[in-house]
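Engineer: Contents of run-v3.cif (mmCIF, C-alpha atoms) are given next:
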```cif
data_final
#
loop_
_atom_site.label_atom_id
_atom_site.label_comp_id
_atom_site.auth_asym_id
_atom_site.auth_seq_id
_atom_site.Cartn_x
_atom_site.Cartn_y
_atom_site.Cartn_z
CA MET P 1 106.55 120.99 72.61
CA SER P 2 106.71 122.63 76.07
CA LEU P 3 105.07 122.33 79.47
CA THR P 4 102.55 124.62 81.06
CA SER P 5 100.47 124.39 84.20
CA ALA P 6 96.78 123.62 84.04
CA ASP P 7 96.02 127.28 84.71
CA ASP P 8 97.69 128.34 81.43
CA ASP P 9 95.34 128.68 78.44
CA SER P 10 97.91 128.56 75.63
CA GLY P 11 97.43 125.76 73.08
CA SER P 12 99.56 122.95 71.65
CA GLU P 13 101.33 122.32 74.96
CA ILE P 14 101.34 119.63 77.64
CA ARG P 15 99.32 120.97 80.55
CA ILE P 16 100.40 119.27 83.77
CA PRO P 17 98.24 120.12 86.81
CA ALA P 18 99.33 123.32 88.53
CA ASP P 19 101.04 122.88 91.90
CA ILE P 20 98.51 123.42 94.69
CA ASP P 21 99.58 126.41 96.74
CA TRP P 22 99.57 126.35 100.56
CA HIS P 23 96.81 128.98 100.65
CA ARG P 24 94.50 126.73 98.60
CA LEU P 25 94.70 123.85 101.07
CA ASP P 26 92.15 122.98 103.75
CA LYS P 27 94.66 122.74 106.62
CA SER P 28 92.64 120.49 108.96
CA LYS P 29 91.88 118.03 106.17
CA PHE P 30 95.49 118.20 104.95
CA PHE P 31 96.98 117.24 108.34
CA PHE P 32 94.30 114.71 109.33
CA LEU P 33 94.35 112.83 106.02
CA GLY P 34 98.14 113.15 105.91
CA ALA P 35 98.49 111.43 109.29
CA ALA P 36 96.30 108.54 108.12
CA LEU P 37 97.91 108.09 104.69
CA PHE P 38 101.51 108.36 105.85
CA SER P 39 100.88 106.03 108.80
CA GLY P 40 99.96 103.36 106.28
CA VAL P 41 103.11 104.04 104.27
CA SER P 42 105.24 103.85 107.45
CA ALA P 43 103.69 100.51 108.42
CA ALA P 44 104.48 99.00 105.02
CA LEU P 45 108.13 100.13 105.06
CA TYR P 46 108.96 99.58 108.75
CA PRO P 47 110.47 96.05 108.38
CA ILE P 48 113.03 97.42 105.92
CA VAL P 49 114.01 100.11 108.44
CA VAL P 50 114.50 97.45 111.14
CA LEU P 51 116.79 95.48 108.80
CA LYS P 52 118.80 98.61 107.94
CA THR P 53 119.22 99.57 111.60
CA ARG P 54 120.41 96.13 112.67
CA GLN P 55 122.87 95.93 109.81
CA GLN P 56 124.28 99.34 110.68
CA VAL P 57 125.04 98.36 114.29
CA SER P 58 126.43 94.94 113.38
CA SER P 59 130.18 94.51 113.89
CA THR P 60 130.39 92.41 110.69
CA GLN P 61 128.60 92.36 107.36
CA VAL P 62 125.36 90.35 107.53
CA SER P 63 123.22 89.86 104.43
CA CYS P 64 119.60 91.02 104.34
CA PHE P 65 118.42 87.45 103.76
CA LYS P 66 120.37 86.06 106.71
CA MET P 67 119.24 88.90 108.96
CA SER P 68 115.60 88.45 107.94
CA PHE P 69 115.77 84.67 108.48
CA SER P 70 117.29 85.13 111.95
CA ILE P 71 114.67 87.69 113.00
CA MET P 72 111.87 85.39 111.87
CA LYS P 73 113.49 82.37 113.55
CA TYR P 74 114.20 83.94 116.94
CA GLU P 75 111.58 86.66 117.22
CA GLY P 76 108.84 85.85 114.73
CA PHE P 77 107.03 88.35 112.53
CA ARG P 78 106.71 90.77 115.46
CA GLY P 79 110.49 91.20 115.39
CA PHE P 80 110.12 93.22 112.20
CA TYR P 81 107.86 95.69 114.03
CA ARG P 82 109.82 96.29 117.23
CA GLY P 83 109.26 99.91 118.25
CA PHE P 84 106.64 100.54 115.57
CA GLY P 85 104.04 101.94 117.98
CA THR P 86 106.57 104.41 119.38
CA SER P 87 107.73 105.36 115.90
CA LEU P 88 104.17 105.86 114.68
CA MET P 89 103.13 108.07 117.61
CA GLY P 90 106.14 110.31 117.03
CA THR P 91 105.94 110.27 113.26
CA ILE P 92 102.48 111.90 113.21
CA PRO P 93 103.56 115.24 114.79
CA ALA P 94 106.92 115.08 112.99
CA ARG P 95 105.19 114.58 109.65
CA ALA P 96 102.82 117.47 110.40
CA LEU P 97 105.82 119.74 111.09
CA TYR P 98 107.52 118.48 107.93
CA MET P 99 104.53 119.06 105.64
CA GLY P 100 103.70 122.44 107.16
CA ALA P 101 107.27 123.76 106.83
CA LEU P 102 107.56 122.27 103.33
CA GLU P 103 104.45 123.94 101.95
CA VAL P 104 104.92 127.32 103.66
CA THR P 105 108.55 127.59 102.50
CA LYS P 106 107.79 126.37 98.99
CA SER P 107 105.01 128.93 98.61
CA SER P 108 106.90 131.92 100.02
CA VAL P 109 110.26 131.20 98.35
CA GLY P 110 108.57 130.33 95.05
CA THR P 111 106.78 133.68 94.99
CA ALA P 112 109.98 135.54 95.90
CA THR P 113 112.14 133.83 93.24
CA VAL P 114 109.60 134.45 90.47
CA SER P 115 109.38 138.13 91.45
CA LEU P 116 113.18 138.32 91.19
CA GLY P 117 112.97 137.31 87.52
CA PHE P 118 114.02 133.63 87.69
CA SER P 119 112.53 131.25 85.13
CA ASP P 120 109.75 128.92 86.31
CA THR P 121 112.07 125.88 86.22
CA THR P 122 114.81 127.60 88.23
CA ALA P 123 112.32 129.14 90.67
CA THR P 124 110.71 125.73 91.24
CA ALA P 125 114.09 124.07 91.87
CA ILE P 126 115.16 126.81 94.31
CA SER P 127 111.86 126.82 96.21
CA ASN P 128 111.83 123.01 96.44
CA ALA P 129 115.43 122.95 97.71
CA ALA P 130 114.70 125.60 100.36
CA ALA P 131 111.50 123.79 101.35
CA GLY P 132 113.33 120.46 101.70
CA LEU P 133 115.99 122.09 103.88
CA SER P 134 113.57 123.87 106.23
CA SER P 135 111.16 120.92 106.54
CA ALA P 136 113.94 118.49 107.46
CA MET P 137 115.31 120.84 110.12
CA ALA P 138 111.86 121.42 111.63
CA ALA P 139 110.94 117.72 111.66
CA GLN P 140 114.22 116.65 113.33
CA LEU P 141 113.10 118.40 116.53
CA VAL P 142 110.62 115.52 116.91
CA TRP P 143 112.17 112.82 114.73
CA THR P 144 115.49 112.61 116.61
CA PRO P 145 113.95 111.60 119.98
CA VAL P 146 111.61 109.23 118.12
CA ASP P 147 114.59 107.70 116.31
CA VAL P 148 116.48 107.20 119.57
CA LEU P 149 113.52 105.46 121.23
CA SER P 150 112.41 103.34 118.29
CA GLN P 151 115.97 102.27 117.32
CA ARG P 152 116.71 101.16 120.89
CA LEU P 153 113.59 98.98 120.66
CA MET P 154 114.55 97.75 117.15
CA VAL P 155 117.86 96.26 118.31
CA GLN P 156 116.38 94.40 121.27
CA GLY P 157 116.90 90.71 120.61
CA TYR P 158 119.92 91.62 118.51
CA ASN P 159 122.15 89.32 120.56
CA ASP P 160 120.23 86.36 119.15
CA ILE P 161 121.04 87.28 115.56
CA ASN P 162 123.69 85.00 114.05
CA GLY P 163 125.28 84.19 117.41
CA SER P 164 127.31 86.35 119.76
CA LYS P 165 130.30 86.66 117.42
CA ASN P 166 128.49 89.27 115.31
CA VAL P 167 127.16 91.29 118.24
CA ASN P 168 128.69 94.73 118.59
CA PRO P 169 129.94 94.91 122.21
CA ASN P 170 128.83 98.54 122.48
CA VAL P 171 125.15 97.86 121.76
CA ASN P 172 123.04 99.07 124.66
CA PHE P 173 121.25 95.92 125.83
CA CYS P 174 119.11 97.61 128.45
CA ARG P 175 115.72 95.92 128.24
CA TYR P 176 112.71 98.10 127.49
CA ARG P 177 109.11 96.97 127.88
CA ASN P 178 107.78 99.64 125.52
CA GLY P 179 108.40 103.16 124.30
CA LEU P 180 107.38 104.80 127.60
CA ASP P 181 109.71 102.52 129.53
CA ALA P 182 112.54 103.38 127.11
CA LEU P 183 111.79 107.10 127.55
CA ARG P 184 111.88 106.79 131.35
CA LYS P 185 115.15 104.81 131.42
CA ILE P 186 116.94 107.05 128.90
CA LEU P 187 115.92 110.19 130.81
CA HIS P 188 117.08 108.59 134.07
CA ALA P 189 120.45 107.53 132.59
CA ASP P 190 121.33 110.48 130.34
CA GLY P 191 118.77 113.21 130.96
CA PRO P 192 116.95 115.06 128.13
CA LYS P 193 120.16 115.20 126.06
CA GLY P 194 119.97 111.40 125.80
CA LEU P 195 116.92 111.80 123.56
CA TYR P 196 118.87 114.04 121.20
CA ARG P 197 121.84 111.79 120.55
CA GLY P 198 122.98 112.37 117.00
CA PHE P 199 120.82 115.49 116.56
CA GLY P 200 123.63 117.48 114.93
CA ILE P 201 124.56 114.75 112.49
CA SER P 202 120.86 114.10 111.80
CA ILE P 203 120.59 117.71 110.61
CA LEU P 204 123.78 117.27 108.56
CA THR P 205 122.32 114.08 107.05
CA TYR P 206 118.70 114.96 106.36
CA ALA P 207 118.71 118.71 105.68
CA PRO P 208 121.07 118.62 102.64
CA SER P 209 119.58 115.28 101.57
CA ASN P 210 116.06 116.75 101.52
CA ALA P 211 117.23 119.89 99.75
CA VAL P 212 118.93 117.83 97.03
CA TRP P 213 115.99 115.41 96.81
CA TRP P 214 113.29 118.03 96.31
CA ALA P 215 115.36 120.08 93.87
CA SER P 216 116.24 116.92 91.89
CA TYR P 217 112.64 115.80 91.93
CA SER P 218 111.34 119.03 90.42
CA VAL P 219 114.01 119.00 87.69
CA ALA P 220 113.53 115.28 86.92
CA HIS P 221 109.77 115.77 86.76
CA LYS P 222 110.08 118.43 84.06
CA LEU P 223 112.79 116.54 82.15
CA ILE P 224 110.70 113.37 81.98
CA TRP P 225 107.66 115.24 80.67
CA ASN P 226 109.78 117.00 78.08
CA GLY P 227 111.25 113.63 77.10
CA ILE P 228 108.01 111.70 76.63
CA GLY P 229 106.21 114.56 74.90
CA SER P 230 102.50 114.15 74.19
CA SER P 231 102.58 110.36 73.64
CA THR P 232 100.78 109.68 76.94
CA CYS P 233 98.49 112.73 76.77
CA LYS P 234 95.01 113.38 75.48
CA LYS P 235 94.07 116.41 73.41
CA ASP P 236 91.74 118.84 75.15
CA GLU P 237 89.18 121.32 73.86
CA ASN P 238 91.76 124.13 73.67
CA GLY P 239 94.12 122.22 71.37
CA GLY P 240 96.60 121.40 74.15
CA PHE P 241 97.45 118.05 75.71
CA ARG P 242 96.59 116.79 79.18
CA PRO P 243 98.26 113.68 80.68
CA ASP P 244 95.97 111.00 82.07
CA SER P 245 96.10 110.05 85.76
CA ARG P 246 98.18 106.90 85.21
CA ALA P 247 100.85 108.85 83.35
CA LEU P 248 100.93 111.47 86.10
CA VAL P 249 101.48 108.83 88.81
CA ALA P 250 104.12 107.02 86.72
CA VAL P 251 106.11 110.22 86.11
CA GLN P 252 105.86 111.22 89.77
CA GLY P 253 107.09 107.78 90.85
CA LEU P 254 109.97 107.71 88.36
CA SER P 255 111.04 111.25 89.30
CA ALA P 256 111.03 110.27 92.99
CA ALA P 257 113.10 107.13 92.36
CA MET P 258 115.67 109.10 90.34
CA ALA P 259 115.97 111.72 93.07
CA SER P 260 116.46 109.02 95.74
CA GLY P 261 119.43 107.19 94.21
CA ALA P 262 122.12 109.84 94.61
CA SER P 263 120.71 110.95 97.96
CA ALA P 264 121.03 107.44 99.43
CA LEU P 265 124.62 107.02 98.23
CA ILE P 266 125.81 110.44 99.38
CA THR P 267 124.26 110.39 102.87
CA MET P 268 124.72 106.68 103.77
CA PRO P 269 127.95 107.12 105.82
CA LEU P 270 126.36 109.95 107.82
CA ASP P 271 123.23 107.87 108.42
CA THR P 272 125.33 104.95 109.70
CA ILE P 273 127.23 107.24 112.08
CA LYS P 274 123.93 108.78 113.26
CA THR P 275 122.36 105.37 113.94
CA ARG P 276 125.39 104.18 115.90
CA LEU P 277 125.49 107.37 117.97
CA GLN P 278 121.86 106.83 118.90
CA VAL P 279 122.16 103.12 119.72
CA LEU P 280 125.74 102.32 120.80
CA ASP P 281 127.64 103.24 123.97
CA ARG P 282 131.36 103.35 124.78
CA GLU P 283 133.09 102.13 127.93
CA GLU P 284 135.32 104.50 129.87
CA ASN P 285 136.91 103.38 133.17
CA GLY P 286 134.33 100.65 133.52
CA VAL P 287 131.43 103.07 132.99
CA ARG P 288 129.24 103.01 129.87
CA LYS P 289 128.85 106.45 128.30
CA PRO P 290 127.30 107.78 125.07
CA SER P 291 129.55 107.47 122.03
CA ASN P 292 130.92 110.52 120.23
CA VAL P 293 131.37 111.11 116.51
CA LEU P 294 135.15 110.65 116.52
CA GLN P 295 135.02 107.32 118.37
CA THR P 296 132.17 106.11 116.15
CA VAL P 297 134.12 106.90 112.99
CA ARG P 298 137.26 105.26 114.44
CA ASN P 299 135.31 102.07 115.23
CA LEU P 300 133.83 101.94 111.72
CA VAL P 301 137.27 102.32 110.15
CA GLN P 302 138.61 99.50 112.33
CA GLU P 303 135.69 97.22 111.47
CA GLY P 304 135.90 97.58 107.70
CA GLY P 305 136.85 101.05 106.52
CA LEU P 306 134.54 102.84 104.10
CA ALA P 307 132.64 99.61 103.38
CA ALA P 308 131.50 99.51 107.02
CA CYS P 309 129.85 102.90 106.52
CA TYR P 310 127.70 101.37 103.79
CA ARG P 311 126.30 98.47 105.80
CA GLY P 312 122.56 98.52 105.30
CA LEU P 313 122.84 100.37 101.97
CA GLY P 314 120.62 97.82 100.21
CA PRO P 315 117.69 98.15 102.65
CA ARG P 316 118.16 101.92 102.91
CA TRP P 317 118.23 102.35 99.13
CA ALA P 318 115.13 100.16 98.78
CA SER P 319 113.43 101.97 101.65
CA MET P 320 114.24 105.42 100.23
CA ALA P 321 113.17 104.50 96.70
CA ILE P 322 109.91 102.86 97.78
CA SER P 323 109.26 105.49 100.44
CA ALA P 324 109.95 108.39 98.05
CA THR P 325 107.77 106.91 95.32
CA THR P 326 104.85 106.18 97.65
CA MET P 327 105.41 109.43 99.55
CA ILE P 328 105.30 111.72 96.56
CA THR P 329 102.32 110.01 94.92
CA THR P 330 100.51 109.94 98.27
CA TYR P 331 101.53 113.54 98.94
CA GLU P 332 100.24 114.81 95.59
CA PHE P 333 97.04 112.79 96.09
CA LEU P 334 96.69 114.25 99.60
CA LYS P 335 96.98 117.80 98.25
CA GLN P 336 94.28 117.06 95.67
CA LEU P 337 91.98 115.75 98.43
CA SER P 338 92.72 118.75 100.66
CA THR P 339 92.15 121.51 98.09
CA LYS P 340 89.56 124.01 99.21
CA THR P 341 86.30 124.01 97.27
CA GLN P 342 86.09 127.08 95.07
CA GLU P 343 83.26 129.34 96.18
CA PRO P 344 80.99 130.37 93.29
CA LEU P 345 81.12 134.05 92.46
CA THR P 346 77.99 136.01 93.37
CA THR P 347 76.79 139.14 91.68
#
```
Transcribe the structure of this file into structure tokens.
Structural biologist:
Amino acid sequence: MSLTSADDDSGSEIRIPADIDWHRLDKSKFFFLGAALFSGVSAALYPIVVLKTRQQVSSTQVSCFKMSFSIMKYEGFRGFYRGFGTSLMGTIPARALYMGALEVTKSSVGTATVSLGFSDTTATAISNAAAGLSSAMAAQLVWTPVDVLSQRLMVQGYNDINGSKNVNPNVNFCRYRNGLDALRKILHADGPKGLYRGFGISILTYAPSNAVWWASYSVAHKLIWNGIGSSTCKKDENGGFRPDSRALVAVQGLSAAMASGASALITMPLDTIKTRLQVLDREENGVRKPSNVLQTVRNLVQEGGLAACYRGLGPRWASMAISATTMITTYEFLKQLSTKTQEPLTT
């Protein structure tokens, strides 16, 4: 038994819904609803991101439980949402850039690969990989400054966590009242380049990661459907099989989780280096200056070798798996909501 899209009329096959092309989307609805839906997802996952960030800048290994207990003890529930307002305001335009680049690239590359004679499976994998690469690069233009601002706010109060012995001496402890205050002080201290700390390594981290994720997702999606066959599908009037909505969501979620595992493991060291570049400083002749990649790597090796690069892996893995699962199901749902209404043909 094989797979076809819902637009295919051949019988005795599993008909999964056809991918909704960029040209079939109502753009205003797509971006407006996308901002609302993904803001909710970001709010739910933000505490995990705070935990990951604090673990990455810690000079010693601190468990998630101990870190969570300390945040609650010293800062209360609000400690898990430090910098959330700043992150949310930046995430909306970044997400719009991401989704726009993703859909435009996927549509144009998909059409080109099919015309070159590639099979549907190969064409889908190539178009998804190219779309993941371009969307990550476009979004980092906004996400990197947002990361710098929100992560500076996340680590405020860090000196209260587990006592001073675990505090990294290079953490920038400049106090910020809010995101605007952080923006003003960073621009005053480092200029515009201060907002783009770690931009290069962010591209190196997220662009390949997104390319691998989207390609893996498309392949896993087809493999899972081929594996389960028609057991979760209902027969339609044309003799084929259509999966019900619960099966669709389950397969999307499982495919997303599978695609996230390898991505988290492969890119974790780069993500740790990126976070430290954006948050930590170095001292040179009594003057605090931004860290560089070489010094950051040297410090990590001194603190614990390769294991130090994987501090925060648990929260990041959980965040990526949950985020990817909710993102892809929300994303597919968003595209369904944003599909243009077909105009009836007139004679």
Engineer: Please determine, counting all atoms listed in the file, which residue among P:Leu133, P:Ala94, P:Met320, P:Ile48 has the shortest atom-to-atom distance to P:Ser263.
Structural biologist: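 Between P:Leu133, P:Ala94, P:Met320, P:Ile48, the residue approaching P:Ser263 most closely is P:Met320.
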Engineer: Name the residues captured by the PyMOL selection byres ((chain P and resi 245-259) around 7) when it is applied to the shown file; answer as a list in words.
Structural biologist: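 Applied to this file, the PyMOL selection byres ((chain P and resi 245-259) around 7) selects Trp213, Ser216, Tyr217, Ala220, His221, Ile224, Thr232, Pro243, Asp244, Ser260, Gly261, Ala262, Ser263, Ala321, Ala324, Thr325, Ile328 and Thr329 of chain P.
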Engineer: May I have the residues from that selection written out with C-alpha atoms, as a PDB file, in the frame of the given file?
Structural biologist:
```
ATOM      1  CA  TRP P 213     115.990 115.410  96.810  1.00  0.00           C
ATOM      2  CA  SER P 216     116.240 116.920  91.890  1.00  0.00           C
ATOM      3  CA  TYR P 217     112.640 115.800  91.930  1.00  0.00           C
ATOM      4  CA  ALA P 220     113.530 115.280  86.920  1.00  0.00           C
ATOM      5  CA  HIS P 221     109.770 115.770  86.760  1.00  0.00           C
ATOM      6  CA  ILE P 224     110.700 113.370  81.980  1.00  0.00           C
ATOM      7  CA  THR P 232     100.780 109.680  76.940  1.00  0.00           C
ATOM      8  CA  PRO P 243      98.260 113.680  80.680  1.00  0.00           C
ATOM      9  CA  ASP P 244      95.970 111.000  82.070  1.00  0.00           C
ATOM     10  CA  SER P 260     116.460 109.020  95.740  1.00  0.00           C
ATOM     11  CA  GLY P 261     119.430 107.190  94.210  1.00  0.00           C
ATOM     12  CA  ALA P 262     122.120 109.840  94.610  1.00  0.00           C
ATOM     13  CA  SER P 263     120.710 110.950  97.960  1.00  0.00           C
ATOM     14  CA  ALA P 321     113.170 104.500  96.700  1.00  0.00           C
ATOM     15  CA  ALA P 324     109.950 108.390  98.050  1.00  0.00           C
ATOM     16  CA  THR P 325     107.770 106.910  95.320  1.00  0.00           C
ATOM     17  CA  ILE P 328     105.300 111.720  96.560  1.00  0.00           C
ATOM     18  CA  THR P 329     102.320 110.010  94.920  1.00  0.00           C
TER      19      THR P 329
END
```
Engineer: Expanded to explicit residues, what is the PyMOL selection byres ((chain P and resi 57-68) around 7) for this file, as a ChimeraX atom specification?
Structural biologist: /P:51,53-56,69-72,166-168,276,303,311
Engineer: Selected residues, C-alpha atoms, written as a compact mmCIF listing (two decimals), keeping the file's coordinate frame, please.
Structural biologist:
```
# COMPACT_ATOMS: atom_id res chain seq x y z
CA LEU P 51 116.79 95.48 108.80
CA THR P 53 119.22 99.57 111.60
CA ARG P 54 120.41 96.13 112.67
CA GLN P 55 122.87 95.93 109.81
CA GLN P 56 124.28 99.34 110.68
CA PHE P 69 115.77 84.67 108.48
CA SER P 70 117.29 85.13 111.95
CA ILE P 71 114.67 87.69 113.00
CA MET P 72 111.87 85.39 111.87
CA ASN P 166 128.49 89.27 115.31
CA VAL P 167 127.16 91.29 118.24
CA ASN P 168 128.69 94.73 118.59
CA ARG P 276 125.39 104.18 115.90
CA GLU P 303 135.69 97.22 111.47
CA ARG P 311 126.30 98.47 105.80
```
Engineer: Interatomic distance between atom CA of P:Gly90 and atom CA of P:Ser127?
Structural biologist: 27.2 Å
Engineer: If you apply the PyMOL selection byres ((chain P and resi 46) around 10) to this file, what residues do you get, as a list in words?
Structural biologist: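 Listing what the PyMOL selection byres ((chain P and resi 46) around 10) selects in the shown file: Val41, Ser42, Ala43, Ala44, Leu45, Pro47, Ile48, Val49, Val50, Leu51, Lys52, Phe80, Tyr81, Arg82, Gly83, Phe84, Ser87, Leu88 and Ser319 of chain P.
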Engineer: Give me stretch 99-152 of chain P from this structure - C-alpha atoms, as a short mmCIF file (atom, residue, chain, number, x, y, z; two decimals), in the first residue's frame.
Structural biologist:
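Listing of part_29.cif after writing:
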```
data_model
loop_
_atom_site.label_atom_id
_atom_site.label_comp_id
_atom_site.auth_asym_id
_atom_site.auth_seq_id
_atom_site.Cartn_x
_atom_site.Cartn_y
_atom_site.Cartn_z
CA MET P 99 7.26 31.28 8.20
CA GLY P 100 7.38 33.51 5.13
CA ALA P 101 10.85 32.33 4.07
CA LEU P 102 9.92 28.71 4.86
CA GLU P 103 6.80 28.64 2.70
CA VAL P 104 8.20 30.65 -0.22
CA THR P 105 11.35 28.49 -0.42
CA LYS P 106 9.46 25.23 0.02
CA SER P 107 7.06 26.15 -2.78
CA SER P 108 9.67 27.38 -5.27
CA VAL P 109 12.28 24.67 -4.61
CA GLY P 110 9.62 21.94 -4.55
CA THR P 111 8.37 22.98 -7.99
CA ALA P 112 11.92 23.16 -9.36
CA THR P 113 12.97 19.72 -8.03
CA VAL P 114 9.85 18.00 -9.39
CA SER P 115 10.43 19.58 -12.81
CA LEU P 116 13.99 18.20 -12.73
CA GLY P 117 12.60 14.67 -12.48
CA PHE P 118 13.14 13.90 -8.77
CA SER P 119 10.66 11.58 -7.07
CA ASP P 120 8.04 13.16 -4.79
CA THR P 121 9.79 11.87 -1.65
CA THR P 122 13.20 13.20 -2.71
CA ALA P 123 11.76 16.49 -3.94
CA THR P 124 9.93 16.97 -0.63
CA ALA P 125 13.07 16.25 1.40
CA ILE P 126 15.17 18.66 -0.71
CA SER P 127 12.58 21.46 -0.62
CA ASN P 128 12.10 21.06 3.15
CA ALA P 129 15.87 21.14 3.75
CA ALA P 130 16.29 24.28 1.62
CA ALA P 131 13.29 25.89 3.32
CA GLY P 132 14.67 25.12 6.79
CA LEU P 133 18.04 26.61 5.85
CA SER P 134 16.66 29.85 4.37
CA SER P 135 14.05 30.40 7.11
CA ALA P 136 16.63 30.02 9.90
CA MET P 137 19.01 32.48 8.24
CA ALA P 138 16.24 35.05 7.69
CA ALA P 139 14.87 34.75 11.23
CA GLN P 140 18.31 35.14 12.88
CA LEU P 141 18.41 38.77 11.70
CA VAL P 142 15.76 39.42 14.37
CA TRP P 143 16.24 36.46 16.72
CA THR P 144 19.90 37.17 17.56
CA PRO P 145 19.26 40.64 19.09
CA VAL P 146 16.18 39.23 20.84
CA ASP P 147 18.28 36.37 22.23
CA VAL P 148 20.93 38.76 23.52
CA LEU P 149 18.36 40.95 25.30
CA SER P 150 16.18 38.18 26.70
CA GLN P 151 19.12 36.01 27.85
CA ARG P 152 20.69 38.95 29.70
#
```
